[in-house]
Amino acid sequence: MTLDELHEVKTLSKRICDLKAQLENLKDALIRLTPTPINDGLPKMSKTKNRGVDRISKLLAAKIDAENELSTLEDDLIDCRADLIEQIYQLEISAVQQSLLIRRYVHLEDFSTIAVALKYSESHIFSLHRRAINAIKKLSCY
């Protein structure tokens, strides 16, 4: 296990959030361009219907691509979390440190939340975290 592997869940989670926001923007754009009885669905600047249709086609293609990427990333995140939990349990550290690492890097909790959940002071959680990270560094020759 390396420190990069610990941060992979966060990276995937952020990318998933970004893609979900992108999908919402694409859906909003498609709704604005969808023909209704009041609005023919064409952008105001368009002189022909083909431009509006081309724009809708491009937005639909982008939406489909984003949905496919989102599905793949969500599967990757599930696998990554499972692998990370397995690797954390294989570390020769205390059960509290294992729990701390899982809460921090799998569930993405902040240190104050972890301290409350584990019933330790935040400074003690920082100390436990530092020792767990040092154990990982020793293992991976980081």
# chains A, B, ... in the order shown; residues from 1 in each chain; ligands from 1
$ residues_around --residues "Leu26 of chain A" --least-positions-apart "6" --cutoff "9 Å" --atoms "only C-alpha atoms" --output "PyMOL selection string"
chain A and resi 59-60+62-63
$ write_last_selection --atoms "N, CA and C atoms" --output "compact mmCIF listing (two decimals), in the first residue's frame"
# COMPACT_ATOMS: atom_id res chain seq x y z
N LEU A 59 -25.37 17.83 -27.37
CA LEU A 59 -25.64 17.77 -25.93
C LEU A 59 -26.04 16.35 -25.50
N LEU A 60 -26.85 15.70 -26.31
CA LEU A 60 -27.25 14.32 -25.99
C LEU A 60 -26.04 13.38 -26.01
N ALA A 62 -22.92 14.24 -25.46
CA ALA A 62 -22.11 14.57 -24.28
C ALA A 62 -22.75 13.98 -23.02
N LYS A 63 -24.06 14.04 -22.93
CA LYS A 63 -24.78 13.49 -21.76
C LYS A 63 -24.57 11.97 -21.68
$ select_by_dssp --residues "chain A" --states "alpha helix (DSSP H)" --output "PyMOL selection string"
chain A and resi 3-33+49-90+95-101+111-118+122-140
$ closest_residue --among "A:Ile56, A:Thr2, A:Glu92, A:Leu118" --to "Lys27 of chain A" --atoms "only C-alpha atoms"
A:Ile56
$ atom_distance --atom1 "atom CA of Ala132 of chain A" --atom2 "atom CA of Gln98 of chain A"
8.0 Å
$ residues_around --residues "Ser123 of chain A" --least-positions-apart "5" --cutoff "10 Å" --atoms "only C-alpha atoms" --output "MDAnalysis selection string"
chainID A and resid 111:112 115 128:129
$ write_last_selection --atoms "C-alpha atoms" --output "PDB file, in the first residue's frame"
ATOM      1  CA  PHE A 111     -10.565  14.326  11.768  1.00  0.00           C
ATOM      2  CA  SER A 112     -13.013  15.986  14.170  1.00  0.00           C
ATOM      3  CA  ALA A 115     -12.390  11.849  16.986  1.00  0.00           C
ATOM      4  CA  LEU A 128      -2.603   7.813  15.708  1.00  0.00           C
ATOM      5  CA  HIS A 129      -2.938   8.907  12.093  1.00  0.00           C
TER       6      HIS A 129
END
$ residues_around --residues "Thr11 of chain A" --least-positions-apart "5" --cutoff "12 Å" --atoms "only C-alpha atoms" --output "PyMOL selection string"
chain A and resi 4-6+16-18+73-74+76-77+80-81+105-106+108
$ write_last_selection --atoms "C-alpha atoms" --output "PDB file, in the first residue's frame"
ATOM      1  CA  ASP A   4      -1.270   7.499  -3.335  1.00  0.00           C
ATOM      2  CA  GLU A   5      -3.594   4.529  -2.933  1.00  0.00           C
ATOM      3  CA  LEU A   6      -5.052   6.133   0.189  1.00  0.00           C
ATOM      4  CA  ILE A  16     -17.855  11.616  -9.649  1.00  0.00           C
ATOM      5  CA  CYS A  17     -19.170  14.825  -8.039  1.00  0.00           C
ATOM      6  CA  ASP A  18     -17.805  16.872 -10.935  1.00  0.00           C
ATOM      7  CA  LEU A  73     -16.172   5.641 -12.150  1.00  0.00           C
ATOM      8  CA  GLU A  74     -18.803   4.518  -9.650  1.00  0.00           C
ATOM      9  CA  ASP A  76     -14.158   1.824  -9.923  1.00  0.00           C
ATOM     10  CA  LEU A  77     -14.922   3.604  -6.648  1.00  0.00           C
ATOM     11  CA  CYS A  80     -11.198   0.886  -4.900  1.00  0.00           C
ATOM     12  CA  ARG A  81     -12.956   1.125  -1.531  1.00  0.00           C
ATOM     13  CA  TYR A 105      -9.733   7.483   3.397  1.00  0.00           C
ATOM     14  CA  VAL A 106     -12.699   5.245   2.550  1.00  0.00           C
ATOM     15  CA  LEU A 108     -13.777  10.609   3.671  1.00  0.00           C
TER      16      LEU A 108
END
